[in-house]
>>> print(open('model_15.cif').read())   # mmCIF, C-alpha atoms
data_entry
loop_
_atom_site.group_PDB
_atom_site.id
_atom_site.type_symbol
_atom_site.label_atom_id
_atom_site.label_comp_id
_atom_site.auth_asym_id
_atom_site.auth_seq_id
_atom_site.Cartn_x
_atom_site.Cartn_y
_atom_site.Cartn_z
ATOM 1 C CA MET O 108 44.212 31.970 82.635
ATOM 2 C CA ALA O 109 41.378 34.478 82.530
ATOM 3 C CA ASN O 110 41.621 37.286 80.018
ATOM 4 C CA GLY O 111 41.520 40.556 81.931
ATOM 5 C CA VAL O 112 41.077 42.744 78.849
ATOM 6 C CA VAL O 113 37.469 43.848 78.357
ATOM 7 C CA TYR O 114 35.746 42.525 75.236
ATOM 8 C CA ASN O 115 35.536 45.883 73.462
ATOM 9 C CA GLY O 116 39.297 46.419 73.898
ATOM 10 C CA ARG O 117 40.483 43.149 72.372
ATOM 11 C CA GLY O 118 41.859 43.387 68.841
ATOM 12 C CA TRP O 119 40.330 40.188 67.483
ATOM 13 C CA CYS O 120 36.983 40.927 69.130
ATOM 14 C CA ILE O 121 36.880 44.391 67.577
ATOM 15 C CA ALA O 122 37.483 42.747 64.208
ATOM 16 C CA GLU O 123 34.668 40.255 64.826
ATOM 17 C CA LYS O 124 32.267 43.141 65.453
ATOM 18 C CA GLU O 125 33.363 44.718 62.184
ATOM 19 C CA TRP O 126 32.696 41.542 60.225
ATOM 20 C CA SER O 127 29.258 41.286 61.768
ATOM 21 C CA ALA O 128 28.544 44.949 60.989
ATOM 22 C CA ALA O 129 29.021 44.278 57.286
ATOM 23 C CA ARG O 130 25.673 42.466 57.146
ATOM 24 C CA SER O 131 22.899 43.934 55.001
ATOM 25 C CA VAL O 132 20.607 44.614 57.985
ATOM 26 C CA LEU O 133 22.055 46.449 60.992
ATOM 27 C CA GLY O 134 19.833 44.660 63.508
ATOM 28 C CA GLN O 135 21.366 41.322 62.506
ATOM 29 C CA ASN O 136 24.723 42.138 64.058
ATOM 30 C CA MET O 137 25.091 41.953 67.814
ATOM 31 C CA VAL O 138 27.867 42.822 70.233
ATOM 32 C CA MET O 139 28.378 39.981 72.689
ATOM 33 C CA ASP O 140 29.305 40.944 76.234
ATOM 34 C CA GLY O 141 28.836 44.616 75.332
ATOM 35 C CA GLU O 142 29.597 47.311 77.850
ATOM 36 C CA ALA O 143 26.614 49.167 79.298
ATOM 37 C CA ASP O 144 25.981 52.773 78.368
ATOM 38 C CA ASP O 145 26.659 55.037 81.329
ATOM 39 C CA GLU O 146 23.434 57.010 80.931
ATOM 40 C CA SER O 147 20.838 54.479 79.795
ATOM 41 C CA GLY O 148 22.337 51.285 81.161
ATOM 42 C CA ASP O 149 21.660 49.618 77.800
ATOM 43 C CA GLN O 150 24.297 47.516 76.140
ATOM 44 C CA GLU O 151 25.713 48.438 72.751
ATOM 45 C CA THR O 152 24.008 45.908 70.501
ATOM 46 C CA LYS O 153 24.815 47.063 66.976
ATOM 47 C CA LYS O 154 27.195 49.172 64.891
ATOM 48 C CA VAL O 155 27.855 50.215 61.327
ATOM 49 C CA PRO O 156 30.903 49.005 59.378
ATOM 50 C CA THR O 157 34.141 50.943 59.638
ATOM 51 C CA ALA O 158 36.291 51.536 56.571
ATOM 52 C CA PRO O 159 39.793 49.957 56.733
ATOM 53 C CA ASP O 160 41.593 53.253 57.378
ATOM 54 C CA GLY O 161 39.366 53.917 60.390
ATOM 55 C CA PHE O 162 39.857 50.351 61.613
ATOM 56 C CA ILE O 163 43.626 50.790 61.542
ATOM 57 C CA ARG O 164 43.279 53.708 63.966
ATOM 58 C CA GLN O 165 41.202 51.519 66.282
ATOM 59 C CA MET O 166 43.912 48.872 66.290
ATOM 60 C CA GLU O 167 46.463 51.367 67.573
ATOM 61 C CA THR O 168 44.784 51.320 71.000
ATOM 62 C CA SER O 169 43.589 47.707 71.033
ATOM 63 C CA ASN O 170 45.000 44.818 73.071
ATOM 64 C CA PHE O 171 45.934 41.242 72.183
ATOM 65 C CA THR O 172 45.984 38.327 74.594
ATOM 66 C CA HIS O 173 49.325 36.639 73.907
ATOM 67 C CA ARG O 174 51.058 38.483 71.076
ATOM 68 C CA ASN O 175 50.537 41.410 68.790
ATOM 69 C CA ASP O 176 48.459 40.162 65.858
ATOM 70 C CA GLN O 177 47.672 43.675 64.731
ATOM 71 C CA LYS O 178 48.950 43.285 61.163
ATOM 72 C CA ASP O 179 47.057 40.025 60.654
ATOM 73 C CA VAL O 180 43.839 41.495 62.050
ATOM 74 C CA VAL O 181 44.104 44.631 59.920
ATOM 75 C CA HIS O 182 44.774 42.597 56.770
ATOM 76 C CA LEU O 183 41.866 40.212 57.414
ATOM 77 C CA GLN O 184 39.424 43.005 58.296
ATOM 78 C CA GLU O 185 40.283 44.868 55.100
ATOM 79 C CA LYS O 186 39.801 41.745 53.005
ATOM 80 C CA ILE O 187 36.406 40.894 54.528
ATOM 81 C CA PHE O 188 35.219 44.515 54.447
ATOM 82 C CA TYR O 189 35.812 44.929 50.718
ATOM 83 C CA GLU O 190 34.520 41.455 49.948
ATOM 84 C CA LYS O 191 31.188 42.161 51.672
ATOM 85 C CA VAL O 192 30.449 45.844 51.072
ATOM 86 C CA THR O 193 31.451 45.968 47.405
ATOM 87 C CA ALA O 194 28.905 43.235 46.671
ATOM 88 C CA ARG O 195 26.156 44.685 48.863
ATOM 89 C CA LYS O 196 23.052 45.864 46.978
ATOM 90 C CA TYR O 197 20.710 46.369 49.934
ATOM 91 C CA LEU O 198 21.455 48.017 53.281
ATOM 92 C CA LYS O 199 18.992 48.606 56.108
ATOM 93 C CA LEU O 200 20.061 50.563 59.192
ATOM 94 C CA SER O 201 18.236 51.909 62.225
ATOM 95 C CA ASP O 202 18.745 53.987 65.372
ATOM 96 C CA LEU O 203 21.943 55.641 64.162
ATOM 97 C CA THR O 204 23.743 57.985 66.525
ATOM 98 C CA GLN O 205 25.952 60.817 65.298
ATOM 99 C CA ALA O 206 28.986 58.553 65.684
ATOM 100 C CA HIS O 207 27.255 55.876 63.609
ATOM 101 C CA LEU O 208 26.478 58.396 60.871
ATOM 102 C CA VAL O 209 30.118 59.498 60.705
ATOM 103 C CA GLU O 210 31.300 55.878 60.464
ATOM 104 C CA LEU O 211 28.734 55.123 57.785
ATOM 105 C CA THR O 212 29.757 58.176 55.778
ATOM 106 C CA GLY O 213 33.352 56.954 55.721
ATOM 107 C CA SER O 214 32.278 53.519 54.535
ATOM 108 C CA LEU O 215 29.652 54.458 51.931
ATOM 109 C CA PRO O 216 32.002 55.215 49.016
ATOM 110 C CA HIS O 217 33.041 51.550 49.089
ATOM 111 C CA TYR O 218 29.451 50.294 48.510
ATOM 112 C CA GLN O 219 29.996 50.357 44.771
ATOM 113 C CA ASN O 220 26.888 48.297 43.922
ATOM 114 C CA LEU O 221 24.452 49.578 46.554
ATOM 115 C CA GLN O 222 20.979 50.027 45.074
ATOM 116 C CA VAL O 223 18.765 50.391 48.161
ATOM 117 C CA LEU O 224 19.634 52.282 51.349
ATOM 118 C CA LYS O 225 17.027 52.375 54.102
ATOM 119 C CA ILE O 226 17.603 54.207 57.388
ATOM 120 C CA GLU O 227 14.978 54.457 60.117
ATOM 121 C CA LEU O 228 15.720 56.997 62.853
ATOM 122 C CA PHE O 229 19.100 58.707 62.671
ATOM 123 C CA THR O 230 20.743 61.710 64.275
ATOM 124 C CA GLY O 231 23.232 64.199 62.899
ATOM 125 C CA GLU O 232 24.565 67.725 62.939
ATOM 126 C CA LYS O 233 24.591 69.942 59.828
ATOM 127 C CA GLU O 234 28.112 69.077 58.656
ATOM 128 C CA GLN O 235 27.571 65.372 59.294
ATOM 129 C CA VAL O 236 24.334 65.254 57.292
ATOM 130 C CA ILE O 237 25.866 67.144 54.360
ATOM 131 C CA ALA O 238 28.899 64.837 54.286
ATOM 132 C CA PHE O 239 26.597 61.804 54.451
ATOM 133 C CA VAL O 240 24.558 62.935 51.440
ATOM 134 C CA GLN O 241 27.672 63.833 49.455
ATOM 135 C CA ALA O 242 28.971 60.309 50.060
ATOM 136 C CA LEU O 243 25.831 59.015 48.335
ATOM 137 C CA SER O 244 26.407 60.979 45.147
ATOM 138 C CA THR O 245 28.632 58.404 43.415
ATOM 139 C CA LEU O 246 26.603 55.332 44.384
ATOM 140 C CA PRO O 247 24.235 53.607 41.919
ATOM 141 C CA LEU O 248 21.317 54.033 44.324
ATOM 142 C CA GLN O 249 17.809 53.417 43.057
ATOM 143 C CA LYS O 250 15.969 53.805 46.365
ATOM 144 C CA LEU O 251 16.929 56.155 49.206
ATOM 145 C CA LEU O 252 14.550 55.738 52.135
ATOM 146 C CA LEU O 253 15.359 58.050 55.050
ATOM 147 C CA LYS O 254 12.917 58.314 57.938
ATOM 148 C CA ASN O 255 12.905 60.171 61.239
ATOM 149 C CA LEU O 256 15.940 62.443 61.124
ATOM 150 C CA ARG O 257 16.797 64.092 64.437
ATOM 151 C CA GLY O 258 19.132 67.004 65.042
ATOM 152 C CA PRO O 259 19.281 70.773 65.550
ATOM 153 C CA GLU O 260 16.502 73.027 64.264
ATOM 154 C CA GLY O 261 16.383 73.062 60.480
ATOM 155 C CA ILE O 262 18.259 69.786 60.051
ATOM 156 C CA GLY O 263 15.530 68.419 57.791
ATOM 157 C CA ASN O 264 16.056 71.277 55.361
ATOM 158 C CA VAL O 265 19.811 70.703 55.465
ATOM 159 C CA LEU O 266 19.145 67.127 54.388
ATOM 160 C CA ALA O 267 16.730 68.195 51.642
ATOM 161 C CA GLU O 268 19.070 70.865 50.267
ATOM 162 C CA ALA O 269 22.049 68.502 50.231
ATOM 163 C CA LEU O 270 19.946 65.870 48.510
ATOM 164 C CA ALA O 271 18.685 68.397 45.967
ATOM 165 C CA ALA O 272 22.304 69.173 45.064
ATOM 166 C CA ILE O 273 22.975 65.575 44.041
ATOM 167 C CA LEU O 274 19.517 64.896 42.555
ATOM 168 C CA THR O 275 20.167 67.355 39.763
ATOM 169 C CA ASP O 276 22.793 65.110 38.190
ATOM 170 C CA HIS O 277 22.026 61.710 39.721
ATOM 171 C CA ARG O 278 21.048 59.211 37.037
ATOM 172 C CA SER O 279 19.747 56.188 38.935
ATOM 173 C CA LEU O 280 17.571 57.327 41.873
ATOM 174 C CA THR O 281 13.906 56.546 41.260
ATOM 175 C CA GLU O 282 12.500 56.624 44.816
ATOM 176 C CA VAL O 283 13.218 59.025 47.701
ATOM 177 C CA ASP O 284 11.477 58.940 51.073
ATOM 178 C CA LEU O 285 12.001 61.809 53.545
ATOM 179 C CA SER O 286 9.103 60.954 55.848
ATOM 180 C CA TYR O 287 9.201 62.555 59.303
ATOM 181 C CA CYS O 288 12.540 64.206 58.562
ATOM 182 C CA GLU O 289 11.221 67.680 59.511
ATOM 183 C CA VAL O 290 11.458 69.022 55.974
ATOM 184 C CA SER O 291 9.673 72.390 55.621
ATOM 185 C CA ASN O 292 9.219 74.942 52.810
ATOM 186 C CA VAL O 293 12.955 75.645 52.499
ATOM 187 C CA GLY O 294 13.738 72.007 51.787
ATOM 188 C CA ALA O 295 10.685 71.579 49.560
ATOM 189 C CA LYS O 296 11.738 74.538 47.408
ATOM 190 C CA ALA O 297 15.277 73.162 47.032
ATOM 191 C CA LEU O 298 13.941 69.782 45.947
ATOM 192 C CA ALA O 299 11.433 71.449 43.631
ATOM 193 C CA LYS O 300 14.293 73.205 41.846
ATOM 194 C CA ALA O 301 16.142 69.897 41.462
ATOM 195 C CA LEU O 302 13.013 68.223 40.081
ATOM 196 C CA GLN O 303 13.026 70.615 37.145
ATOM 197 C CA ARG O 304 16.225 68.953 35.902
ATOM 198 C CA ASN O 305 16.076 65.455 37.360
ATOM 199 C CA THR O 306 14.883 62.834 34.858
ATOM 200 C CA THR O 307 14.860 59.610 36.899
ATOM 201 C CA LEU O 308 12.860 60.183 40.099
ATOM 202 C CA THR O 309 9.368 58.659 39.980
ATOM 203 C CA ASP O 310 8.397 58.528 43.670
ATOM 204 C CA LEU O 311 8.902 61.264 46.312
ATOM 205 C CA ARG O 312 7.483 61.042 49.853
ATOM 206 C CA PHE O 313 6.955 63.773 52.419
ATOM 207 C CA TYR O 314 4.847 61.964 55.023
ATOM 208 C CA GLY O 315 4.687 63.894 58.278
ATOM 209 C CA CYS O 316 6.761 66.847 57.073
ATOM 210 C CA GLU O 317 6.175 70.550 57.708
ATOM 211 C CA ILE O 318 5.396 71.784 54.199
ATOM 212 C CA ASP O 319 2.640 74.378 53.785
ATOM 213 C CA ASP O 320 1.127 76.078 50.726
ATOM 214 C CA PHE O 321 4.357 77.916 49.825
ATOM 215 C CA GLY O 322 6.274 74.647 49.562
ATOM 216 C CA VAL O 323 3.446 73.011 47.650
ATOM 217 C CA GLU O 324 3.352 75.967 45.244
ATOM 218 C CA ALA O 325 7.073 75.533 44.549
ATOM 219 C CA LEU O 326 6.544 71.842 43.842
ATOM 220 C CA ALA O 327 3.617 72.684 41.567
ATOM 221 C CA ASP O 328 5.844 75.035 39.560
ATOM 222 C CA ALA O 329 8.503 72.341 39.291
ATOM 223 C CA MET O 330 5.973 69.813 38.036
ATOM 224 C CA GLN O 331 5.373 71.951 34.955
ATOM 225 C CA HIS O 332 8.858 70.925 33.818
ATOM 226 C CA ASN O 333 9.152 67.415 35.301
ATOM 227 C CA LYS O 334 8.165 64.525 33.028
ATOM 228 C CA THR O 335 9.033 61.522 35.213
ATOM 229 C CA LEU O 336 7.601 61.951 38.739
ATOM 230 C CA THR O 337 4.462 59.790 39.015
ATOM 231 C CA LYS O 338 3.964 59.680 42.800
ATOM 232 C CA LEU O 339 4.114 62.565 45.274
ATOM 233 C CA HIS O 340 2.994 61.770 48.815
ATOM 234 C CA PHE O 341 1.880 64.271 51.440
ATOM 235 C CA ARG O 342 -0.232 62.116 53.760
ATOM 236 C CA ASP O 343 -0.172 63.209 57.417
ATOM 237 C CA SER O 344 1.481 66.462 56.365
ATOM 238 C CA PRO O 345 0.160 69.600 58.084
ATOM 239 C CA PHE O 346 0.484 71.806 54.996
ATOM 240 C CA GLY O 347 -3.324 71.891 54.641
ATOM 241 C CA ARG O 348 -3.615 74.120 57.697
ATOM 242 C CA VAL O 349 -2.745 77.232 55.682
ATOM 243 C CA PHE O 350 -3.440 76.036 52.166
ATOM 244 C CA THR O 351 -5.544 78.290 49.958
ATOM 245 C CA PRO O 352 -9.179 77.060 49.683
ATOM 246 C CA ASP O 353 -9.148 76.856 45.859
ATOM 247 C CA GLY O 354 -6.320 74.303 45.912
ATOM 248 C CA LYS O 355 -4.939 75.398 42.528
ATOM 249 C CA ALA O 356 -1.383 74.280 43.286
ATOM 250 C CA LEU O 357 -2.566 70.802 44.228
ATOM 251 C CA GLU O 358 -4.612 70.658 41.055
ATOM 252 C CA ARG O 359 -1.564 71.552 38.964
ATOM 253 C CA ILE O 360 0.496 68.882 40.723
ATOM 254 C CA TRP O 361 -2.245 66.337 40.185
ATOM 255 C CA GLU O 362 -2.613 67.100 36.482
ATOM 256 C CA ARG O 363 1.124 66.736 35.879
ATOM 257 C CA ILE O 364 1.363 63.506 37.895
ATOM 258 C CA LYS O 365 -1.557 62.095 35.952
ATOM 259 C CA ALA O 366 0.084 63.058 32.650
ATOM 260 C CA ASN O 367 3.385 61.501 33.759
ATOM 261 C CA GLN O 368 1.640 58.295 34.815
ATOM 262 C CA GLU O 369 -0.163 58.044 31.485
ATOM 263 C CA ALA O 370 3.070 58.667 29.589
ATOM 264 C CA ALA O 371 4.903 56.050 31.672
ATOM 265 C CA ALA O 372 2.154 53.507 31.070
ATOM 266 C CA GLU O 373 2.187 54.187 27.351
ATOM 267 C CA ALA O 374 5.969 53.931 27.176
ATOM 268 C CA SER O 375 5.931 50.574 28.956
ATOM 269 C CA GLY O 376 3.157 49.292 26.707
ATOM 270 C CA SER O 377 0.854 48.661 29.659
ATOM 271 C CA ARG O 378 -2.628 49.931 30.284
ATOM 272 C CA LEU O 379 -3.136 52.408 33.099
ATOM 273 C CA GLY O 380 -5.323 50.664 35.670
ATOM 274 C CA GLU O 381 -8.557 52.264 36.792
ATOM 275 C CA ASN O 382 -7.373 52.653 40.417
ATOM 276 C CA THR O 383 -3.692 53.388 39.769
ATOM 277 C CA LEU O 384 -4.055 57.063 40.643
ATOM 278 C CA LEU O 385 -6.218 56.703 43.731
ATOM 279 C CA PRO O 386 -3.505 56.534 46.442
ATOM 280 C CA VAL O 387 -1.977 59.864 45.427
ATOM 281 C CA LEU O 388 -5.367 61.445 44.690
ATOM 282 C CA SER O 389 -6.784 60.433 48.064
ATOM 283 C CA GLU O 390 -3.867 62.012 49.895
ATOM 284 C CA LEU O 391 -4.281 65.279 48.029
ATOM 285 C CA LEU O 392 -8.059 65.329 48.439
ATOM 286 C CA VAL O 393 -7.853 64.633 52.171
ATOM 287 C CA ALA O 394 -5.388 67.477 52.634
ATOM 288 C CA CYS O 395 -7.557 69.820 50.589
ATOM 289 C CA PHE O 396 -10.679 68.813 52.519
ATOM 290 C CA ILE O 397 -8.954 69.497 55.832
ATOM 291 C CA SER O 398 -7.887 72.895 54.554
ATOM 292 C CA ILE O 399 -11.393 73.864 53.429
ATOM 293 C CA PHE O 400 -12.943 72.551 56.663
ATOM 294 C CA SER O 401 -10.440 74.486 58.796
ATOM 295 C CA PHE O 402 -11.035 77.652 56.801
ATOM 296 C CA SER O 403 -14.803 77.292 57.121
ATOM 297 C CA LEU O 404 -14.553 76.647 60.845
ATOM 298 C CA LEU O 405 -12.392 79.736 61.273
ATOM 299 C CA LEU O 406 -14.986 81.867 59.469
ATOM 300 C CA PHE O 407 -17.737 80.405 61.660
ATOM 301 C CA LEU O 408 -15.833 81.173 64.867
ATOM 302 C CA ILE O 409 -15.170 84.706 63.743
#
>>> encode(input="model_15.cif", output="structure tokens")
Amino acid sequence: MANGVVYNGRGWCIAEKEWSAARSVLGQNMVMDGEADDESGDQETKKVPTAPDGFIRQMETSNFTHRNDQKDVVHLQEKIFYEKVTARKYLKLSDLTQAHLVELTGSLPHYQNLQVLKIELFTGEKEQVIAFVQALSTLPLQKLLLKNLRGPEGIGNVLAEALAAILTDHRSLTEVDLSYCEVSNVGAKALAKALQRNTTLTDLRFYGCEIDDFGVEALADAMQHNKTLTKLHFRDSPFGRVFTPDGKALERIWERIKANQEAAAEASGSRLGENTLLPVLSELLVACFISIFSFSLLLFLI
């Protein structure tokens, strides 16, 4: 006899999607026979894992073919969820909707051994982004790579400020990437303040952000106190458009980064390679050159 209950409404099928969602890479889990989205016509092809308490609520409206296996499904989902996520050290996600971000936030506290979290393209409102970052605070993360945040105006600064709040006391993060997350001076200043106290971060990326000379100045001030940051990336950032021609803030950042790199190399007993500093230096020089060229062109046009 044909099963008239749609795939996404069947209890066991919902559980199967949850087990698949516990993989380390979001794109590896697929929803078979997914229902098409009303607006785009695309099928739902991936999801993030749901914590057991959230799964129980899903089961309250689910259907079973012959008999109610709800208790068995709930018990098995809980067992598999904890077995997989508590051992997970690497998690890569992409194309997260607001609903995905909320689900992920509820599940994150259970990733007790997560060291690397990489998200490419995600959407969230202010409260959702703050809750997401707060959920990260107790994890032993070493790398937090967040790219392409979408949301209401200023959402990038909300992310940066929330992250700054946990960076002050976080003791394991060494690499943070906020590329194309629409971070501007407000977020840069919040992170700069956190950098004055943080002692673990070595790599911070702002590719494609909206930081100008005021944000760079704040970071330069912070670098006077920071002894660990060895890489600060601004490539493709438009801050050069209003940066002062003398570039003193960039010079201060560069001198501190160079000193930190030399100290790190000495502490590790290794020799600082001749070209080790070039990637960061080239990014700063390109930005400074663009600034000077733009300023000169403006004078010429006047």
>>> resolve_selection(input="model_15.cif", expression="the PyMOL selection byres ((chain O and resi 227-231) around 7)", output="list of chain:residue names")
O:Leu200, O:Ser201, O:Asp202, O:Leu203, O:Thr204, O:Gln205, O:Leu208, O:Lys225, O:Ile226, O:Glu232, O:Lys233, O:Gln235, O:Val236, O:Leu253, O:Lys254, O:Asn255, O:Leu256, O:Arg257, O:Gly258
>>> resolve_selection(input="model_15.cif", expression="the PyMOL selection byres ((chain O and resi 304) around 8)", output="list in words")
Thr275, Asp276, Lys300, Ala301, Leu302, Gln303, Asn305, Thr306, His332 and Asn333 of chain O
>>> atom_distance(input="model_15.cif", atom1="CA of Val180 in chain O", atom2="CA of Thr157 in chain O")
13.8 Å
>>> atom_distance(input="model_15.cif", atom1="CA of Ala242 in chain O", atom2="CA of Val181 in chain O")
23.9 Å
>>> closest_residue(input="model_15.cif", among="O:Leu224, O:Leu198, O:Ala267, O:Ile273", to="Thr245 in chain O", atoms="all atoms listed in the file")
O:Ile273
>>> closest_residue(input="model_15.cif", among="O:Thr309, O:Gln368, O:Gln177, O:Ser291", to="Val323 in chain O", atoms="only C-alpha atoms")
O:Ser291
>>> resolve_selection(input="model_15.cif", expression="the PyMOL selection byres ((chain O and resi 357-367) around 6)", output="MDAnalysis selection string")
chainID O and resid 327 334:335 337 354:356 368:370
>>> atom_distance(input="model_15.cif", atom1="CA of Val192 in chain O", atom2="CA of Ala271 in chain O")
25.9 Å
>>> closest_residue(input="model_15.cif", among="O:Pro259, O:Lys178, O:Lys250, O:Glu210", to="Ala238 in chain O", atoms="all atoms listed in the file")
O:Glu210
>>> closest_residue(input="model_15.cif", among="O:Leu274, O:Ala206, O:Ala194, O:Leu183", to="Val155 in chain O", atoms="only C-alpha atoms")
O:Ala206
>>> residues_around(input="model_15.cif", residues="Leu280 in chain O", least_positions_apart="3", cutoff="7 Å", atoms="only C-alpha atoms", output="PyMOL selection string")
chain O and resi 248-250+277+307-308
>>> axis_aligned_box(input="model_15.cif", around="range 240-257 of chain O", padding_each_side="4 Å", output="lines of an AutoDock Vina configuration file")
center_x = 20.9
center_y = 58.8
center_z = 53.2
size_x = 24.1
size_y = 18.7
size_z = 30.5
>>> residues_around(input="model_15.cif", residues="Glu185 in chain O", least_positions_apart="3", cutoff="9 Å", atoms="all atoms listed in the file", output="PyMOL selection string")
chain O and resi 158-160+162+180-182+188-190
>>> closest_residue(input="model_15.cif", among="O:Ser279, O:Gln222, O:Asn292, O:Thr212", to="Tyr197 in chain O", atoms="all atoms listed in the file")
O:Gln222
